[in-house]
Amino acid sequence: MRNLVVLGAGTAGTMVVNKLRPRLPDDEWTITVVEPSPTHFYQPGFLFLPFGGLRPSDVAKPLRPTLTRGVRLVPAAVDRVDPEARLVRLEDGSELGYDYLVIATGTTPRPEETPGMAEGMGDSVHEYYTYTGANALAATLATWPGGRMVVHITEMPIKCPVAPLEFTFLADAWFTGRGIRDEVEITYVTPLPGAFTKPISSQRLGDMLTRRGIAIEPDFVVEQVDTEARTLTAYDGREIPFDLLVTVPLNMGADFIGRSGLGDDLNYVPVDKHTLLSTRYDTIFAIGDATNIPASKAGSVAHFAADVFVPNFLAHVDGRPMPERFDGHANCFIETGHGRGLLIDFNYETEPLTGVYPLPVVGPMSLLKETRLNHWGKVAFRWIYWHVLLPGRHLPVTAHMSMVGKKAPPAVSATTTTTPPAVPAGLD
């Protein structure tokens, strides 16, 4: 009997076990999931909680029913992994042996890593990347009279890189709907040189912010938050005042990854970006936000990676070459407010382009264009998540990015000296 242990039952971990359980015979394999939380969260829904767009029950459901039959659940936290002994040591002192290990413990916000940020949380400083934080921000916004709102990204990479832009667009629409938009000054503060990580989409999204009267402060590397003076200070000396700071704290992988010597400086597991196999141990894979792959930390990446991972895992454990190569495929609906949204589709090599998706000519989704259909695509995805993606059912969208329907930019002449904005390491 061989043992597969999966650490984490978020999006990636749940999809992996639900896809693998029917493919691994019960009399040959045990599958164990280690997850301390009794609740599974639909994390894209956190974005809507501050504006009353979803109820808390829409984004949180009991964990156990999301796992298919034949998967053992261990409700515990991990202390460390001993890869040489092939053991997972839990915080309660017990141990789990494994033949193969999948790390899918995601990434979490760490406000304590930025001086002054954690001290102001829940008062003048808020985040919406956790269930608790999103609900606390909802309570604050319900009575906030207006003033200077700063939407801020501490450092890349972060979970769902488009979410700060979505929050900014939704805030603009929400304040307009309340009739107080003229009383609110919104500034978008980012460590990137523009609104997003890729030149074409960065320009389009930046123009959208400008048209809404939202200021952009680029290349801002935060040094500290002063909650008494209500200022955000960068290492280059710039200060930005705020009445309400909505921040995305530094994101990091699970602490046990660092304690186990399996991670980089941010506790992300180094893996081959095409196979998701650890660069150090051929019995360990990582998937989803827990990896160091140069792709978005987003649910779509976890979905497409899981589709590639399953045949690769089955081949690897049988001693055969892994047949698939993950290309970093990601697509994201971006809510832009007022019942509209846009869609981006890209991978390791190709930035978001204009066009239609997923079919040529007919689409029906438009790329990098605000439409009502894109908004409804975002709304519908919540049902698809709970009933199709999470159970591991097939979704008729290829895991590999296709250029079908996309409009490639004109080729750059060899004599052209203009270069696109720099992209932070790990995001190209």
# chains A, B, ... in the order shown; residues from 1 in each chain; ligands from 1
$ closest_atom_pairs --of "stretch 40-136 of chain A" --to "stretch 245-259 of chain A" --cutoff "12 Å" --atoms "only C-alpha atoms" --output "JSON lines"
{"residue": "A:Leu47", "atom": "CA", "partner": "A:Val246", "partner_atom": "CA", "distance": 11.9}
{"residue": "A:Pro50", "atom": "CA", "partner": "A:Val246", "partner_atom": "CA", "distance": 11.0}
{"residue": "A:Ala77", "atom": "CA", "partner": "A:Phe256", "partner_atom": "CA", "distance": 9.2}
{"residue": "A:Val78", "atom": "CA", "partner": "A:Phe256", "partner_atom": "CA", "distance": 6.5}
{"residue": "A:Asp79", "atom": "CA", "partner": "A:Phe256", "partner_atom": "CA", "distance": 5.6}
{"residue": "A:Arg80", "atom": "CA", "partner": "A:Phe256", "partner_atom": "CA", "distance": 4.9}
{"residue": "A:Val81", "atom": "CA", "partner": "A:Phe256", "partner_atom": "CA", "distance": 7.4}
{"residue": "A:Asp82", "atom": "CA", "partner": "A:Arg259", "partner_atom": "CA", "distance": 9.9}
{"residue": "A:Pro83", "atom": "CA", "partner": "A:Ile257", "partner_atom": "CA", "distance": 11.1}
{"residue": "A:Val88", "atom": "CA", "partner": "A:Phe256", "partner_atom": "CA", "distance": 10.1}
{"residue": "A:Arg89", "atom": "CA", "partner": "A:Phe256", "partner_atom": "CA", "distance": 9.8}
{"residue": "A:Leu90", "atom": "CA", "partner": "A:Phe256", "partner_atom": "CA", "distance": 9.8}
{"residue": "A:Glu91", "atom": "CA", "partner": "A:Phe256", "partner_atom": "CA", "distance": 10.1}
{"residue": "A:Ile103", "atom": "CA", "partner": "A:Ile257", "partner_atom": "CA", "distance": 9.0}
{"residue": "A:Ala104", "atom": "CA", "partner": "A:Ala254", "partner_atom": "CA", "distance": 9.6}
{"residue": "A:Thr105", "atom": "CA", "partner": "A:Ala254", "partner_atom": "CA", "distance": 6.4}
{"residue": "A:Gly106", "atom": "CA", "partner": "A:Gly253", "partner_atom": "CA", "distance": 6.1}
{"residue": "A:Thr107", "atom": "CA", "partner": "A:Gly253", "partner_atom": "CA", "distance": 4.4}
{"residue": "A:Thr108", "atom": "CA", "partner": "A:Asn251", "partner_atom": "CA", "distance": 5.3}
{"residue": "A:Pro109", "atom": "CA", "partner": "A:Asn251", "partner_atom": "CA", "distance": 4.5}
{"residue": "A:Arg110", "atom": "CA", "partner": "A:Leu250", "partner_atom": "CA", "distance": 5.3}
{"residue": "A:Pro111", "atom": "CA", "partner": "A:Pro249", "partner_atom": "CA", "distance": 5.0}
{"residue": "A:Glu112", "atom": "CA", "partner": "A:Pro249", "partner_atom": "CA", "distance": 8.5}
{"residue": "A:Glu113", "atom": "CA", "partner": "A:Leu250", "partner_atom": "CA", "distance": 6.9}
{"residue": "A:Thr114", "atom": "CA", "partner": "A:Leu250", "partner_atom": "CA", "distance": 7.7}
{"residue": "A:Pro115", "atom": "CA", "partner": "A:Pro249", "partner_atom": "CA", "distance": 11.0}
{"residue": "A:Gly116", "atom": "CA", "partner": "A:Pro249", "partner_atom": "CA", "distance": 11.5}
{"residue": "A:Met117", "atom": "CA", "partner": "A:Pro249", "partner_atom": "CA", "distance": 8.1}
{"residue": "A:Ala118", "atom": "CA", "partner": "A:Pro249", "partner_atom": "CA", "distance": 9.2}
{"residue": "A:Gly120", "atom": "CA", "partner": "A:Leu245", "partner_atom": "CA", "distance": 9.3}
{"residue": "A:Met121", "atom": "CA", "partner": "A:Leu245", "partner_atom": "CA", "distance": 9.3}
{"residue": "A:Gly122", "atom": "CA", "partner": "A:Leu245", "partner_atom": "CA", "distance": 10.2}
{"residue": "A:Asp123", "atom": "CA", "partner": "A:Leu245", "partner_atom": "CA", "distance": 9.3}
{"residue": "A:Ser124", "atom": "CA", "partner": "A:Leu245", "partner_atom": "CA", "distance": 6.1}
{"residue": "A:Val125", "atom": "CA", "partner": "A:Leu245", "partner_atom": "CA", "distance": 4.7}
{"residue": "A:His126", "atom": "CA", "partner": "A:Val246", "partner_atom": "CA", "distance": 4.9}
{"residue": "A:Glu127", "atom": "CA", "partner": "A:Thr247", "partner_atom": "CA", "distance": 5.3}
{"residue": "A:Tyr128", "atom": "CA", "partner": "A:Val248", "partner_atom": "CA", "distance": 7.7}
{"residue": "A:Tyr129", "atom": "CA", "partner": "A:Val248", "partner_atom": "CA", "distance": 7.3}
{"residue": "A:Thr130", "atom": "CA", "partner": "A:Val248", "partner_atom": "CA", "distance": 10.4}
{"residue": "A:Gly133", "atom": "CA", "partner": "A:Val246", "partner_atom": "CA", "distance": 10.3}
{"residue": "A:Ala134", "atom": "CA", "partner": "A:Val246", "partner_atom": "CA", "distance": 10.3}
{"residue": "A:Ala136", "atom": "CA", "partner": "A:Val246", "partner_atom": "CA", "distance": 11.4}
$ closest_atom_pairs --of "stretch 286-401 of chain A" --to "stretch 169-185 of chain A" --cutoff "7 Å" --atoms "only C-alpha atoms" --output "CSV"
residue,atom,partner,partner_atom,distance
A:Thr336,CA,A:Phe169,CA,5.0
A:Gly337,CA,A:Leu170,CA,4.8
A:His338,CA,A:Ala173,CA,6.0
$ residues_around --residues "A:Pro364" --least-positions-apart "4" --cutoff "12 Å" --atoms "only C-alpha atoms" --output "ChimeraX atom specification"
/A:343,355-360,371-374,376-377,405
$ write_last_selection --atoms "C-alpha atoms" --output "PDB file, in the first residue's frame"
ATOM      1  CA  LEU A 343     -11.105  39.222 -19.008  1.00  0.00           C
ATOM      2  CA  GLY A 355      -9.382  39.529 -28.765  1.00  0.00           C
ATOM      3  CA  VAL A 356     -12.082  37.035 -27.818  1.00  0.00           C
ATOM      4  CA  TYR A 357     -12.192  33.887 -25.656  1.00  0.00           C
ATOM      5  CA  PRO A 358     -12.422  30.901 -25.791  1.00  0.00           C
ATOM      6  CA  LEU A 359     -13.580  30.545 -29.419  1.00  0.00           C
ATOM      7  CA  PRO A 360     -12.412  32.549 -32.441  1.00  0.00           C
ATOM      8  CA  THR A 371     -18.486  44.177 -21.111  1.00  0.00           C
ATOM      9  CA  ARG A 372     -21.545  43.094 -19.149  1.00  0.00           C
ATOM     10  CA  LEU A 373     -21.016  39.515 -20.294  1.00  0.00           C
ATOM     11  CA  ASN A 374     -17.603  39.439 -18.628  1.00  0.00           C
ATOM     12  CA  TRP A 376     -21.788  37.808 -15.603  1.00  0.00           C
ATOM     13  CA  GLY A 377     -18.965  35.382 -16.308  1.00  0.00           C
ATOM     14  CA  GLY A 405      -9.039  34.499 -30.944  1.00  0.00           C
TER      15      GLY A 405
END
$ select_by_dssp --residues "stretch 268-372 of chain A" --states "strand (DSSP E)" --output "ChimeraX atom specification"
/A:284-286,330-337,340-346,354-359,363-367
$ atom_distance --atom1 "atom CA of A:Val74" --atom2 "atom CA of A:Met322"
29.4 Å
$ residues_around --residues "A:Glu349" --least-positions-apart "5" --cutoff "10 Å" --atoms "only C-alpha atoms" --output "number ranges by chain"
A: 327-329, 401, 428
$ closest_residue --among "A:Met15, A:Ala298, A:Ile186, A:Thr275" --to "A:His387" --atoms "only C-alpha atoms"
A:Met15
$ closest_residue --among "A:Thr398, A:Val310, A:Lys369, A:Ile214" --to "A:Pro22" --atoms "only C-alpha atoms"
A:Val310
$ select_by_dssp --residues "stretch 131-352 of chain A" --states "alpha helix (DSSP H)" --output "compact mmCIF listing (two decimals) with N, CA and C atoms, in the first residue's frame"
# COMPACT_ATOMS: atom_id res chain seq x y z
N TYR A 131 -11.15 36.07 5.27
CA TYR A 131 -12.58 36.13 5.56
C TYR A 131 -12.86 37.13 6.68
N THR A 132 -12.06 37.08 7.72
CA THR A 132 -12.23 38.00 8.84
C THR A 132 -11.98 39.44 8.42
N GLY A 133 -10.91 39.64 7.65
CA GLY A 133 -10.57 40.99 7.21
C GLY A 133 -11.62 41.59 6.30
N ALA A 134 -12.16 40.80 5.37
CA ALA A 134 -13.16 41.31 4.44
C ALA A 134 -14.43 41.72 5.17
N ASN A 135 -14.84 40.94 6.17
CA ASN A 135 -16.04 41.29 6.94
C ASN A 135 -15.81 42.51 7.82
N ALA A 136 -14.60 42.65 8.36
CA ALA A 136 -14.29 43.85 9.16
C ALA A 136 -14.30 45.10 8.28
N LEU A 137 -13.78 44.99 7.07
CA LEU A 137 -13.79 46.12 6.15
C LEU A 137 -15.22 46.48 5.75
N ALA A 138 -16.08 45.48 5.59
CA ALA A 138 -17.49 45.74 5.27
C ALA A 138 -18.13 46.59 6.36
N ALA A 139 -17.84 46.26 7.61
CA ALA A 139 -18.42 47.02 8.72
C ALA A 139 -17.92 48.46 8.73
N THR A 140 -16.65 48.65 8.40
CA THR A 140 -16.09 50.01 8.37
C THR A 140 -16.67 50.82 7.22
N LEU A 141 -16.74 50.24 6.03
CA LEU A 141 -17.25 50.97 4.87
C LEU A 141 -18.71 51.35 5.02
N ALA A 142 -19.46 50.54 5.76
CA ALA A 142 -20.90 50.81 5.91
C ALA A 142 -21.17 52.17 6.53
N THR A 143 -20.24 52.67 7.34
CA THR A 143 -20.46 53.96 8.03
C THR A 143 -19.39 54.99 7.69
N ALA A 163 -6.79 41.52 -7.98
CA ALA A 163 -7.79 41.85 -6.95
C ALA A 163 -7.68 43.28 -6.44
N PRO A 164 -6.48 43.83 -6.23
CA PRO A 164 -6.43 45.24 -5.79
C PRO A 164 -7.06 46.20 -6.80
N LEU A 165 -6.87 45.93 -8.08
CA LEU A 165 -7.51 46.76 -9.10
C LEU A 165 -9.03 46.60 -9.03
N GLU A 166 -9.48 45.36 -8.89
CA GLU A 166 -10.92 45.11 -8.80
C GLU A 166 -11.51 45.85 -7.60
N PHE A 167 -10.83 45.78 -6.47
CA PHE A 167 -11.34 46.47 -5.28
C PHE A 167 -11.46 47.97 -5.55
N THR A 168 -10.46 48.53 -6.22
CA THR A 168 -10.46 49.96 -6.50
C THR A 168 -11.62 50.34 -7.42
N PHE A 169 -11.84 49.55 -8.46
CA PHE A 169 -12.96 49.83 -9.38
C PHE A 169 -14.30 49.69 -8.66
N LEU A 170 -14.43 48.64 -7.86
CA LEU A 170 -15.69 48.42 -7.14
C LEU A 170 -15.94 49.52 -6.10
N ALA A 171 -14.87 49.98 -5.45
CA ALA A 171 -15.02 51.07 -4.48
C ALA A 171 -15.50 52.34 -5.17
N ASP A 172 -14.92 52.63 -6.32
CA ASP A 172 -15.34 53.81 -7.09
C ASP A 172 -16.84 53.72 -7.41
N ALA A 173 -17.29 52.54 -7.88
CA ALA A 173 -18.70 52.37 -8.23
C ALA A 173 -19.58 52.42 -6.99
N TRP A 174 -19.11 51.84 -5.90
CA TRP A 174 -19.92 51.78 -4.67
C TRP A 174 -20.11 53.17 -4.07
N PHE A 175 -19.03 53.96 -4.03
CA PHE A 175 -19.15 55.32 -3.51
C PHE A 175 -20.04 56.17 -4.42
N THR A 176 -19.97 55.92 -5.72
CA THR A 176 -20.85 56.63 -6.66
C THR A 176 -22.30 56.29 -6.37
N GLY A 177 -22.57 55.00 -6.14
CA GLY A 177 -23.92 54.57 -5.83
C GLY A 177 -24.45 55.14 -4.54
N ARG A 178 -23.57 55.37 -3.58
CA ARG A 178 -23.98 55.97 -2.30
C ARG A 178 -24.10 57.49 -2.38
N PRO A 199 2.84 45.00 -20.00
CA PRO A 199 2.71 46.33 -20.62
C PRO A 199 1.35 46.65 -21.21
N ILE A 200 0.79 45.74 -22.05
CA ILE A 200 -0.47 46.07 -22.73
C ILE A 200 -1.60 46.22 -21.72
N SER A 201 -1.74 45.23 -20.82
CA SER A 201 -2.82 45.32 -19.82
C SER A 201 -2.56 46.44 -18.82
N SER A 202 -1.29 46.70 -18.50
CA SER A 202 -0.97 47.77 -17.56
C SER A 202 -1.42 49.12 -18.10
N GLN A 203 -1.20 49.35 -19.39
CA GLN A 203 -1.62 50.61 -19.99
C GLN A 203 -3.14 50.74 -19.99
N ARG A 204 -3.83 49.68 -20.37
CA ARG A 204 -5.29 49.74 -20.44
C ARG A 204 -5.91 49.92 -19.06
N LEU A 205 -5.41 49.16 -18.09
CA LEU A 205 -5.96 49.27 -16.74
C LEU A 205 -5.61 50.61 -16.11
N GLY A 206 -4.41 51.11 -16.40
CA GLY A 206 -4.03 52.43 -15.90
C GLY A 206 -4.92 53.52 -16.47
N ASP A 207 -5.25 53.42 -17.77
CA ASP A 207 -6.17 54.40 -18.37
C ASP A 207 -7.54 54.33 -17.72
N MET A 208 -7.98 53.12 -17.35
CA MET A 208 -9.29 52.98 -16.71
C MET A 208 -9.29 53.66 -15.34
N LEU A 209 -8.19 53.54 -14.61
CA LEU A 209 -8.10 54.23 -13.32
C LEU A 209 -8.15 55.75 -13.52
N THR A 210 -7.40 56.23 -14.49
CA THR A 210 -7.34 57.67 -14.74
C THR A 210 -8.71 58.22 -15.11
N ARG A 211 -9.44 57.49 -15.96
CA ARG A 211 -10.77 57.96 -16.37
C ARG A 211 -11.73 58.04 -15.19
N ASP A 255 4.60 28.66 7.22
CA ASP A 255 5.83 28.69 8.02
C ASP A 255 6.52 27.34 8.07
N PHE A 256 5.75 26.24 8.05
CA PHE A 256 6.39 24.93 8.16
C PHE A 256 7.30 24.66 6.96
N ILE A 257 7.03 25.31 5.83
CA ILE A 257 7.88 25.13 4.65
C ILE A 257 9.27 25.68 4.93
N GLY A 258 9.32 26.83 5.57
CA GLY A 258 10.61 27.39 5.97
C GLY A 258 11.31 26.54 7.01
N ARG A 259 10.55 26.10 8.02
CA ARG A 259 11.16 25.27 9.08
C ARG A 259 11.70 23.95 8.53
N GLY A 299 -6.68 31.24 -8.69
CA GLY A 299 -7.42 29.99 -8.77
C GLY A 299 -7.36 29.35 -10.14
N SER A 300 -7.34 30.17 -11.20
CA SER A 300 -7.28 29.60 -12.54
C SER A 300 -5.97 28.87 -12.77
N VAL A 301 -4.88 29.38 -12.21
CA VAL A 301 -3.59 28.71 -12.34
C VAL A 301 -3.64 27.36 -11.63
N ALA A 302 -4.25 27.34 -10.43
CA ALA A 302 -4.39 26.07 -9.71
C ALA A 302 -5.21 25.08 -10.53
N HIS A 303 -6.28 25.56 -11.16
CA HIS A 303 -7.14 24.69 -11.97
C HIS A 303 -6.37 24.11 -13.15
N PHE A 304 -5.74 24.98 -13.94
CA PHE A 304 -5.02 24.49 -15.12
C PHE A 304 -3.83 23.63 -14.74
N ALA A 305 -3.15 24.01 -13.66
CA ALA A 305 -2.01 23.21 -13.20
C ALA A 305 -2.46 21.83 -12.74
N ALA A 306 -3.62 21.75 -12.08
CA ALA A 306 -4.12 20.45 -11.61
C ALA A 306 -4.44 19.54 -12.79
N ASP A 307 -4.96 20.11 -13.87
CA ASP A 307 -5.25 19.30 -15.06
C ASP A 307 -3.99 18.70 -15.64
N VAL A 308 -2.89 19.43 -15.57
CA VAL A 308 -1.60 18.93 -16.06
C VAL A 308 -0.95 18.00 -15.04
N PHE A 309 -1.11 18.34 -13.77
CA PHE A 309 -0.47 17.58 -12.70
C PHE A 309 -0.92 16.13 -12.65
N VAL A 310 -2.20 15.88 -12.81
CA VAL A 310 -2.74 14.53 -12.62
C VAL A 310 -2.07 13.50 -13.55
N PRO A 311 -2.05 13.70 -14.87
CA PRO A 311 -1.36 12.71 -15.70
C PRO A 311 0.14 12.63 -15.42
N ASN A 312 0.73 13.76 -15.04
CA ASN A 312 2.15 13.74 -14.71
C ASN A 312 2.42 12.92 -13.45
N PHE A 313 1.58 13.09 -12.44
CA PHE A 313 1.75 12.34 -11.20
C PHE A 313 1.59 10.85 -11.45
N LEU A 314 0.56 10.49 -12.19
CA LEU A 314 0.31 9.07 -12.45
C LEU A 314 1.48 8.44 -13.21
N ALA A 315 2.06 9.19 -14.14
CA ALA A 315 3.22 8.66 -14.87
C ALA A 315 4.44 8.58 -13.96
N HIS A 316 4.65 9.60 -13.16
CA HIS A 316 5.83 9.66 -12.30
C HIS A 316 5.86 8.52 -11.29
N VAL A 317 4.73 8.23 -10.67
CA VAL A 317 4.72 7.17 -9.65
C VAL A 317 4.84 5.78 -10.28
$ closest_residue --among "A:Arg2, A:Leu389, A:Leu73, A:Lys378" --to "A:Asp318" --atoms "only C-alpha atoms"
A:Arg2
$ atom_distance --atom1 "atom CA of A:Pro191" --atom2 "atom CA of A:Pro218"
5.9 Å
$ closest_residue --among "A:Ala330, A:Val271, A:Leu54, A:Val404" --to "A:Val162" --atoms "only C-alpha atoms"
A:Ala330
$ residues_around --residues "A:Tyr268" --least-positions-apart "3" --cutoff "7 Å" --atoms "only C-alpha atoms" --output "list in words"
Gly253, Gly263, Asp264, Ala290, Thr291 and Asn292 of chain A
$ closest_residue --among "A:Ala295, A:Ile287, A:Val397, A:Leu87" --to "A:Thr350" --atoms "only C-alpha atoms"
A:Ala295
$ closest_residue --among "A:His375, A:Lys406, A:Glu217, A:Lys273" --to "A:Leu353" --atoms "only C-alpha atoms"
A:Lys406
$ decode --residues "stretch 203-268 of chain A" --atoms "C-alpha atoms" --output "mmCIF file, in the first residue's frame"
data_model
loop_
_atom_site.group_PDB
_atom_site.id
_atom_site.type_symbol
_atom_site.label_atom_id
_atom_site.label_comp_id
_atom_site.auth_asym_id
_atom_site.auth_seq_id
_atom_site.Cartn_x
_atom_site.Cartn_y
_atom_site.Cartn_z
ATOM 1 C CA GLN A 203 -1.622 50.611 -19.986
ATOM 2 C CA ARG A 204 -5.294 49.744 -20.440
ATOM 3 C CA LEU A 205 -5.956 49.268 -16.736
ATOM 4 C CA GLY A 206 -4.030 52.435 -15.899
ATOM 5 C CA ASP A 207 -6.167 54.398 -18.371
ATOM 6 C CA MET A 208 -9.286 52.979 -16.707
ATOM 7 C CA LEU A 209 -8.103 54.234 -13.325
ATOM 8 C CA THR A 210 -7.343 57.670 -14.737
ATOM 9 C CA ARG A 211 -10.771 57.957 -16.370
ATOM 10 C CA ARG A 212 -12.356 57.283 -12.975
ATOM 11 C CA GLY A 213 -10.353 60.025 -11.291
ATOM 12 C CA ILE A 214 -8.144 57.577 -9.393
ATOM 13 C CA ALA A 215 -4.527 58.619 -8.852
ATOM 14 C CA ILE A 216 -1.739 56.071 -9.363
ATOM 15 C CA GLU A 217 1.443 56.077 -7.286
ATOM 16 C CA PRO A 218 3.831 53.572 -8.943
ATOM 17 C CA ASP A 219 7.226 52.199 -7.844
ATOM 18 C CA PHE A 220 6.230 52.648 -4.199
ATOM 19 C CA VAL A 221 8.175 50.286 -1.929
ATOM 20 C CA VAL A 222 6.673 50.732 1.519
ATOM 21 C CA GLU A 223 8.919 51.174 4.551
ATOM 22 C CA GLN A 224 6.327 51.698 7.260
ATOM 23 C CA VAL A 225 2.758 52.581 8.139
ATOM 24 C CA ASP A 226 2.227 55.317 10.729
ATOM 25 C CA THR A 227 -1.278 54.821 12.062
ATOM 26 C CA GLU A 228 -1.127 57.879 14.332
ATOM 27 C CA ALA A 229 -0.105 60.272 11.565
ATOM 28 C CA ARG A 230 -2.032 58.123 9.067
ATOM 29 C CA THR A 231 0.731 58.091 6.515
ATOM 30 C CA LEU A 232 2.282 55.464 4.264
ATOM 31 C CA THR A 233 6.035 55.979 3.831
ATOM 32 C CA ALA A 234 8.249 54.571 1.077
ATOM 33 C CA TYR A 235 11.970 53.829 1.298
ATOM 34 C CA ASP A 236 12.624 56.722 -1.095
ATOM 35 C CA GLY A 237 11.011 59.150 1.370
ATOM 36 C CA ARG A 238 7.630 59.602 -0.316
ATOM 37 C CA GLU A 239 4.697 59.916 2.078
ATOM 38 C CA ILE A 240 1.055 59.313 1.227
ATOM 39 C CA PRO A 241 -1.596 60.426 3.724
ATOM 40 C CA PHE A 242 -4.742 58.375 4.260
ATOM 41 C CA ASP A 243 -7.940 58.319 6.255
ATOM 42 C CA LEU A 244 -8.568 54.696 5.295
ATOM 43 C CA LEU A 245 -5.799 52.370 4.131
ATOM 44 C CA VAL A 246 -6.947 49.234 2.322
ATOM 45 C CA THR A 247 -3.764 47.245 1.937
ATOM 46 C CA VAL A 248 -2.547 43.953 0.546
ATOM 47 C CA PRO A 249 0.109 42.907 3.072
ATOM 48 C CA LEU A 250 3.198 40.932 2.156
ATOM 49 C CA ASN A 251 2.148 37.428 1.078
ATOM 50 C CA MET A 252 4.123 34.401 2.280
ATOM 51 C CA GLY A 253 3.863 30.628 2.132
ATOM 52 C CA ALA A 254 3.290 28.451 5.190
ATOM 53 C CA ASP A 255 5.832 28.691 8.017
ATOM 54 C CA PHE A 256 6.389 24.930 8.161
ATOM 55 C CA ILE A 257 7.879 25.131 4.652
ATOM 56 C CA GLY A 258 10.609 27.387 5.965
ATOM 57 C CA ARG A 259 11.157 25.270 9.080
ATOM 58 C CA SER A 260 11.507 22.201 6.868
ATOM 59 C CA GLY A 261 14.098 23.758 4.595
ATOM 60 C CA LEU A 262 11.813 23.304 1.606
ATOM 61 C CA GLY A 263 11.198 26.919 0.646
ATOM 62 C CA ASP A 264 12.702 30.163 -0.597
ATOM 63 C CA ASP A 265 12.844 33.440 1.365
ATOM 64 C CA LEU A 266 9.035 33.776 1.182
ATOM 65 C CA ASN A 267 8.383 30.112 2.040
ATOM 66 C CA TYR A 268 7.403 29.152 -1.505
#
